[in-house]
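Reading through the structure tokens given below for one structure.
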Amino acid sequence: MRLSGRIIRGIGGFYYVYTEHGIIECRARGKFRISNIVPIVGDNVDIDTENLKDGFIINIHNRKNELVRPPVSNVDQAIITFSIVNPVLNRLQLDKMIILTELNEIHPVICINKIDLVTEDVFLPLYNLYKNLGYDVIATSKFDNSGIDKLKAMLIGKTSFFTGPSGVGKSSLINCIHGTNKQEIGDLSEKLLRGKHTTRNVELIPFENGYVLDTPGFTSLNLDLDEAELKYYFRDFKEYETNCRFKSCLHINEPDCGVKIAVSNGLIDKIRYSNYLNLYNELKSNKRRRY
């Protein structure tokens with residue numbers, strides 16, 4: 001019997017494929033090894049099975065994207081999670097992660113966590129800044145469930161993963177999200193961890209017609225970008241770039257730069273602009289080291 005499904009876990013040469021008939025344990029056909037193709041979690045695949053318990057992967061569909069750490073494919077969105085305090089939100093890291101996700105064709109959702117530890121005037125300016133730039137932004141707290149329902153709604157029908165620095169509360173948010181689905185998650189995990197395959201690995205958990213990557217660790221994405229292209233990833237520049245004297249203006253040292261004037265007049269956030277300069281210099285420095 002030929003079925004289509006999605007790999008939700010892989011370990012030791014076994015791949016667990018989520019299908020309309022349940023989870024089927026599969027091995028990859030030898031042709032993939034010959035072609036140096038390794039199935040990974042998130043792959044949409046076709047399998048051949050006789051008993052709906054085990055089978056073989058016979059085809060891997062084209063991937064729309066692929067992450068390196070953890071190895072997972074076909075991700076729709078990243079829940080970029082930072083705490084407003086403990087630890088203090090790092091604006092440079094936030095802006096870099098937004099660019100990284102967009103480069104990999106992954107939709108960024110900015111999650112500002114631990115808002116119960118501060119007053120609204122502390123996190124609202126940051127919330128509004130990115131909201132006004134057109135980003136999806138959620139403010140959350142596990143203690144009073146602030147923003148949890150909104151976060152759950154963002155996950156419906158999507159393949160999502162949480163990313164951000166250590167200690168910002170990613171694991172707690174994932175537990176909150178799974179709160180009403182503990183039995184389903186427990187049954188799924190029990191089936192995946194049965195027998196000899198007990199080593200913990202990357203896993204996609206089915207959730208509301210979508211999937212959530214259960215590994216909340218920092219995810220590595222490649223910043224493969226020329227420094228001259230960086231300006232296109234700062235949405236706040238677009239409105240003022242038409243005022244630049246030069247079409248090729250990089251908004252750094254050029255005279256009559258509309259973006260720099262906007263920064264001076266408070267129309268572009270100064271920290272955002274400072275982050276642009278830091279990332280530009282980082283990319284330029286990395287290029288020098290490569291050549």
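Each chain in the structure tokens gets a letter, A, B and so on, in the order shown; residues start at 1 in every chain, and ligands are counted from 1 in the order they appear.
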
| Nearby residues (only C-alpha atoms) at most 10 Å from range 110-124 of chain A, same-chain spacing under 2 positions excluded, as a ChimeraX atom specification | /A:78-87,89,94,97-98,107-108,126-131,135-147,151,162-164,168-170,173

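Omitting Gln77 in chain A and its sequence neighbours fewer than 5 positions away, and counting only C-alpha atoms, the residues within 9 Å are Thr101, Glu105, Ile106, His107, Pro108, Val109, Leu155, Lys158, Thr159, Ser160, Phe161 and Phe162 of chain A.
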
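Summary of the local environment: counting only C-alpha atoms, residues at most 9 Å from range 260-268 of chain A, other than itself and those fewer than 3 positions away along its chain, are Asp236, Phe237, Tyr240, His251, Ile252, Asp256, Cys257, Ile271, Arg272 and Tyr273 of chain A.
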
Output C-alpha atoms of each residue in that selection to a file, as an mmCIF file, in the first residue's frame.
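The result, stored in again.cif:
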data_model
loop_
_atom_site.group_PDB
_atom_site.id
_atom_site.type_symbol
_atom_site.label_atom_id
_atom_site.label_comp_id
_atom_site.auth_asym_id
_atom_site.auth_seq_id
_atom_site.Cartn_x
_atom_site.Cartn_y
_atom_site.Cartn_z
ATOM 1 C CA ASP A 236 11.542 50.984 8.385
ATOM 2 C CA PHE A 237 13.996 52.270 5.749
ATOM 3 C CA TYR A 240 12.602 57.226 3.467
ATOM 4 C CA HIS A 251 22.619 54.718 4.560
ATOM 5 C CA ILE A 252 26.010 54.793 6.231
ATOM 6 C CA ASP A 256 21.892 63.593 1.788
ATOM 7 C CA CYS A 257 20.702 60.206 3.034
ATOM 8 C CA ILE A 271 18.461 51.344 18.130
ATOM 9 C CA ARG A 272 17.157 49.711 14.955
ATOM 10 C CA TYR A 273 19.502 51.880 12.901
#

inquiry  = From a backbone DSSP assignment, name each residue in range 74-108 of chain A labelled strand (DSSP E or B), as a ChimeraX atom specification.
reply    = /A:77-83,107-108

I need the residues from that last selection saved to file as a PDB file, in the first residue's frame (with N, CA and C atoms), if you can.
ATOM      1  N   GLN A  77       6.898  28.888  10.166  1.00  0.00           N
ATOM      2  CA  GLN A  77       7.130  30.090  10.956  1.00  0.00           C
ATOM      3  C   GLN A  77       7.997  29.814  12.174  1.00  0.00           C
ATOM      4  N   ALA A  78       8.692  30.867  12.583  1.00  0.00           N
ATOM      5  CA  ALA A  78       9.530  30.824  13.778  1.00  0.00           C
ATOM      6  C   ALA A  78       8.918  31.715  14.836  1.00  0.00           C
ATOM      7  N   ILE A  79       8.730  31.177  16.020  1.00  0.00           N
ATOM      8  CA  ILE A  79       8.268  31.981  17.151  1.00  0.00           C
ATOM      9  C   ILE A  79       9.542  32.497  17.835  1.00  0.00           C
ATOM     10  N   ILE A  80       9.961  33.692  17.462  1.00  0.00           N
ATOM     11  CA  ILE A  80      11.208  34.268  17.963  1.00  0.00           C
ATOM     12  C   ILE A  80      10.934  34.815  19.358  1.00  0.00           C
ATOM     13  N   THR A  81      11.404  34.101  20.357  1.00  0.00           N
ATOM     14  CA  THR A  81      11.018  34.368  21.739  1.00  0.00           C
ATOM     15  C   THR A  81      12.141  35.043  22.518  1.00  0.00           C
ATOM     16  N   PHE A  82      11.807  36.167  23.118  1.00  0.00           N
ATOM     17  CA  PHE A  82      12.705  36.894  24.008  1.00  0.00           C
ATOM     18  C   PHE A  82      11.923  37.290  25.253  1.00  0.00           C
ATOM     19  N   SER A  83      12.583  37.273  26.394  1.00  0.00           N
ATOM     20  CA  SER A  83      11.946  37.786  27.612  1.00  0.00           C
ATOM     21  C   SER A  83      12.240  39.279  27.706  1.00  0.00           C
ATOM     22  N   HIS A 107       8.332  32.631   8.138  1.00  0.00           N
ATOM     23  CA  HIS A 107       7.608  33.786   8.662  1.00  0.00           C
ATOM     24  C   HIS A 107       7.980  34.017  10.128  1.00  0.00           C
ATOM     25  N   PRO A 108       8.439  35.232  10.485  1.00  0.00           N
ATOM     26  CA  PRO A 108       8.789  35.490  11.886  1.00  0.00           C
ATOM     27  C   PRO A 108       7.593  35.958  12.708  1.00  0.00           C
TER      28      PRO A 108
END

Margin query: I'd like the contact shell of Asn286 in chain A - 12 Å cut-off, only C-alpha atoms, skipping same-chain residues fewer than 2 positions apart - returned as a PyMOL selection string.
Written below: chain A and resi 223-227+279-284+288-291

Of A:Tyr232, A:Phe14, A:Tyr211, A:Phe32, the one nearest to Ser73 in chain A when counting only C-alpha atoms is A:Tyr211

Run DSSP on the backbone and give me the residues of range 14-163 of chain A it puts in helix (DSSP H, G or I), as an mmCIF file with N, CA, C and O atoms, in the first residue's frame.
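Saved to part.cif:
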data_model
loop_
_atom_site.group_PDB
_atom_site.id
_atom_site.type_symbol
_atom_site.label_atom_id
_atom_site.label_comp_id
_atom_site.auth_asym_id
_atom_site.auth_seq_id
_atom_site.Cartn_x
_atom_site.Cartn_y
_atom_site.Cartn_z
ATOM 1 N N GLY A 30 17.439 2.078 -0.247
ATOM 2 C CA GLY A 30 18.864 2.218 -0.496
ATOM 3 C C GLY A 30 19.208 3.286 -1.518
ATOM 4 O O GLY A 30 20.313 3.831 -1.511
ATOM 5 N N LYS A 31 18.261 3.609 -2.405
ATOM 6 C CA LYS A 31 18.536 4.595 -3.450
ATOM 7 C C LYS A 31 18.865 5.962 -2.859
ATOM 8 O O LYS A 31 19.603 6.745 -3.469
ATOM 9 N N PHE A 32 18.325 6.269 -1.677
ATOM 10 C CA PHE A 32 18.614 7.555 -1.046
ATOM 11 C C PHE A 32 20.061 7.605 -0.577
ATOM 12 O O PHE A 32 20.737 8.630 -0.713
ATOM 13 N N ARG A 33 20.550 6.500 -0.037
ATOM 14 C CA ARG A 33 21.938 6.437 0.418
ATOM 15 C C ARG A 33 22.890 6.562 -0.767
ATOM 16 O O ARG A 33 23.910 7.254 -0.698
ATOM 17 N N ILE A 34 22.548 5.897 -1.879
ATOM 18 C CA ILE A 34 23.373 5.970 -3.078
ATOM 19 C C ILE A 34 23.426 7.397 -3.610
ATOM 20 O O ILE A 34 24.459 7.867 -4.088
ATOM 21 N N ARG A 91 18.173 43.608 21.673
ATOM 22 C CA ARG A 91 17.579 44.108 20.439
ATOM 23 C C ARG A 91 18.380 43.718 19.193
ATOM 24 O O ARG A 91 17.808 43.436 18.139
ATOM 25 N N LEU A 92 19.693 43.703 19.295
ATOM 26 C CA LEU A 92 20.519 43.333 18.151
ATOM 27 C C LEU A 92 20.272 41.881 17.752
ATOM 28 O O LEU A 92 20.111 41.558 16.570
ATOM 29 N N GLN A 93 20.209 41.022 18.748
ATOM 30 C CA GLN A 93 19.963 39.608 18.484
ATOM 31 C C GLN A 93 18.569 39.403 17.892
ATOM 32 O O GLN A 93 18.372 38.571 16.993
ATOM 33 N N LEU A 94 17.604 40.155 18.376
ATOM 34 C CA LEU A 94 16.244 40.059 17.855
ATOM 35 C C LEU A 94 16.202 40.440 16.380
ATOM 36 O O LEU A 94 15.633 39.708 15.548
ATOM 37 N N ASP A 95 16.804 41.575 16.029
ATOM 38 C CA ASP A 95 16.778 42.015 14.637
ATOM 39 C C ASP A 95 17.513 41.028 13.730
ATOM 40 O O ASP A 95 17.091 40.779 12.595
ATOM 41 N N LYS A 96 18.588 40.469 14.226
ATOM 42 C CA LYS A 96 19.339 39.500 13.428
ATOM 43 C C LYS A 96 18.508 38.248 13.171
ATOM 44 O O LYS A 96 18.481 37.720 12.049
ATOM 45 N N MET A 97 17.793 37.786 14.186
ATOM 46 C CA MET A 97 16.999 36.574 14.030
ATOM 47 C C MET A 97 15.820 36.785 13.093
ATOM 48 O O MET A 97 15.422 35.879 12.358
ATOM 49 N N ILE A 98 15.264 37.993 13.101
ATOM 50 C CA ILE A 98 14.188 38.299 12.158
ATOM 51 C C ILE A 98 14.702 38.173 10.726
ATOM 52 O O ILE A 98 14.060 37.568 9.858
ATOM 53 N N ILE A 99 15.880 38.738 10.476
ATOM 54 C CA ILE A 99 16.470 38.683 9.135
ATOM 55 C C ILE A 99 16.797 37.242 8.755
ATOM 56 O O ILE A 99 16.545 36.806 7.620
ATOM 57 N N LEU A 100 17.336 36.486 9.701
ATOM 58 C CA LEU A 100 17.693 35.097 9.440
ATOM 59 C C LEU A 100 16.486 34.275 9.008
ATOM 60 O O LEU A 100 16.560 33.476 8.067
ATOM 61 N N THR A 101 15.360 34.458 9.677
ATOM 62 C CA THR A 101 14.162 33.695 9.315
ATOM 63 C C THR A 101 13.658 34.106 7.945
ATOM 64 O O THR A 101 13.299 33.249 7.130
ATOM 65 N N GLU A 102 13.630 35.401 7.663
ATOM 66 C CA GLU A 102 13.131 35.863 6.375
ATOM 67 C C GLU A 102 14.030 35.393 5.237
ATOM 68 O O GLU A 102 13.551 35.093 4.140
ATOM 69 N N LEU A 103 15.331 35.324 5.469
ATOM 70 C CA LEU A 103 16.258 34.809 4.463
ATOM 71 C C LEU A 103 15.953 33.356 4.126
ATOM 72 O O LEU A 103 16.141 32.913 2.990
ATOM 73 N N ILE A 115 6.021 39.136 30.530
ATOM 74 C CA ILE A 115 5.507 40.507 30.706
ATOM 75 C C ILE A 115 4.893 40.716 32.078
ATOM 76 O O ILE A 115 4.637 41.865 32.484
ATOM 77 N N ASP A 116 4.652 39.624 32.823
ATOM 78 C CA ASP A 116 4.117 39.761 34.180
ATOM 79 C C ASP A 116 5.133 40.385 35.132
ATOM 80 O O ASP A 116 4.765 40.851 36.222
ATOM 81 N N LEU A 117 6.404 40.436 34.718
ATOM 82 C CA LEU A 117 7.462 40.949 35.595
ATOM 83 C C LEU A 117 7.671 42.459 35.453
ATOM 84 O O LEU A 117 8.480 43.028 36.190
ATOM 85 N N GLU A 120 3.243 47.748 31.822
ATOM 86 C CA GLU A 120 3.006 47.863 30.381
ATOM 87 C C GLU A 120 3.916 48.873 29.710
ATOM 88 O O GLU A 120 4.311 48.691 28.558
ATOM 89 N N ASP A 121 4.249 49.951 30.407
ATOM 90 C CA ASP A 121 5.071 50.987 29.779
ATOM 91 C C ASP A 121 6.484 50.506 29.461
ATOM 92 O O ASP A 121 7.210 51.150 28.697
ATOM 93 N N VAL A 122 6.865 49.337 29.998
ATOM 94 C CA VAL A 122 8.200 48.796 29.721
ATOM 95 C C VAL A 122 8.214 48.042 28.392
ATOM 96 O O VAL A 122 9.152 48.189 27.595
ATOM 97 N N PHE A 123 7.185 47.216 28.139
ATOM 98 C CA PHE A 123 7.210 46.390 26.925
ATOM 99 C C PHE A 123 6.368 46.934 25.770
ATOM 100 O O PHE A 123 6.617 46.605 24.607
ATOM 101 N N LEU A 124 5.379 47.796 26.057
ATOM 102 C CA LEU A 124 4.492 48.275 24.990
ATOM 103 C C LEU A 124 5.218 49.070 23.898
ATOM 104 O O LEU A 124 4.900 48.917 22.714
ATOM 105 N N PRO A 125 6.174 49.948 24.227
ATOM 106 C CA PRO A 125 6.877 50.662 23.144
ATOM 107 C C PRO A 125 7.555 49.713 22.158
ATOM 108 O O PRO A 125 7.496 49.926 20.938
ATOM 109 N N LEU A 126 8.177 48.661 22.678
ATOM 110 C CA LEU A 126 8.829 47.689 21.804
ATOM 111 C C LEU A 126 7.785 46.904 21.019
ATOM 112 O O LEU A 126 7.951 46.656 19.807
ATOM 113 N N TYR A 127 6.729 46.504 21.691
ATOM 114 C CA TYR A 127 5.626 45.790 21.049
ATOM 115 C C TYR A 127 5.078 46.608 19.885
ATOM 116 O O TYR A 127 4.924 46.113 18.762
ATOM 117 N N ASN A 128 4.804 47.879 20.139
ATOM 118 C CA ASN A 128 4.212 48.741 19.112
ATOM 119 C C ASN A 128 5.188 49.034 17.976
ATOM 120 O O ASN A 128 4.777 49.177 16.816
ATOM 121 N N LEU A 129 6.475 49.149 18.302
ATOM 122 C CA LEU A 129 7.483 49.412 17.277
ATOM 123 C C LEU A 129 7.450 48.340 16.200
ATOM 124 O O LEU A 129 7.355 48.649 14.997
ATOM 125 N N TYR A 130 7.516 47.080 16.607
ATOM 126 C CA TYR A 130 7.564 45.999 15.620
ATOM 127 C C TYR A 130 6.182 45.736 15.010
ATOM 128 O O TYR A 130 6.086 45.346 13.836
ATOM 129 N N LYS A 131 5.139 45.966 15.782
ATOM 130 C CA LYS A 131 3.784 45.824 15.247
ATOM 131 C C LYS A 131 3.554 46.834 14.122
ATOM 132 O O LYS A 131 2.988 46.500 13.067
ATOM 133 N N ASN A 132 4.005 48.061 14.314
ATOM 134 C CA ASN A 132 3.832 49.100 13.303
ATOM 135 C C ASN A 132 4.679 48.866 12.063
ATOM 136 O O ASN A 132 4.408 49.431 10.998
ATOM 137 N N ILE A 148 -1.498 33.623 25.597
ATOM 138 C CA ILE A 148 -1.367 32.204 25.268
ATOM 139 C C ILE A 148 -2.392 31.786 24.213
ATOM 140 O O ILE A 148 -2.062 31.070 23.259
ATOM 141 N N ASP A 149 -3.650 32.245 24.354
ATOM 142 C CA ASP A 149 -4.669 31.898 23.355
ATOM 143 C C ASP A 149 -4.313 32.488 21.990
ATOM 144 O O ASP A 149 -4.524 31.848 20.950
ATOM 145 N N LYS A 150 -3.777 33.689 22.000
ATOM 146 C CA LYS A 150 -3.372 34.325 20.740
ATOM 147 C C LYS A 150 -2.222 33.545 20.110
ATOM 148 O O LYS A 150 -2.183 33.349 18.882
ATOM 149 N N LEU A 151 -1.299 33.090 20.935
ATOM 150 C CA LEU A 151 -0.174 32.305 20.441
ATOM 151 C C LEU A 151 -0.664 30.986 19.849
ATOM 152 O O LEU A 151 -0.217 30.573 18.763
ATOM 153 N N LYS A 152 -1.572 30.322 20.536
ATOM 154 C CA LYS A 152 -2.128 29.069 20.015
ATOM 155 C C LYS A 152 -2.781 29.287 18.658
ATOM 156 O O LYS A 152 -2.624 28.471 17.734
ATOM 157 N N ALA A 153 -3.510 30.383 18.514
ATOM 158 C CA ALA A 153 -4.182 30.675 17.247
ATOM 159 C C ALA A 153 -3.180 30.858 16.111
ATOM 160 O O ALA A 153 -3.454 30.503 14.960
ATOM 161 N N MET A 154 -2.003 31.395 16.448
ATOM 162 C CA MET A 154 -0.970 31.601 15.433
ATOM 163 C C MET A 154 -0.394 30.279 14.929
ATOM 164 O O MET A 154 0.184 30.215 13.837
ATOM 165 N N LEU A 155 -0.548 29.214 15.719
ATOM 166 C CA LEU A 155 0.052 27.930 15.379
ATOM 167 C C LEU A 155 -0.853 27.043 14.536
ATOM 168 O O LEU A 155 -0.388 26.053 13.963
#
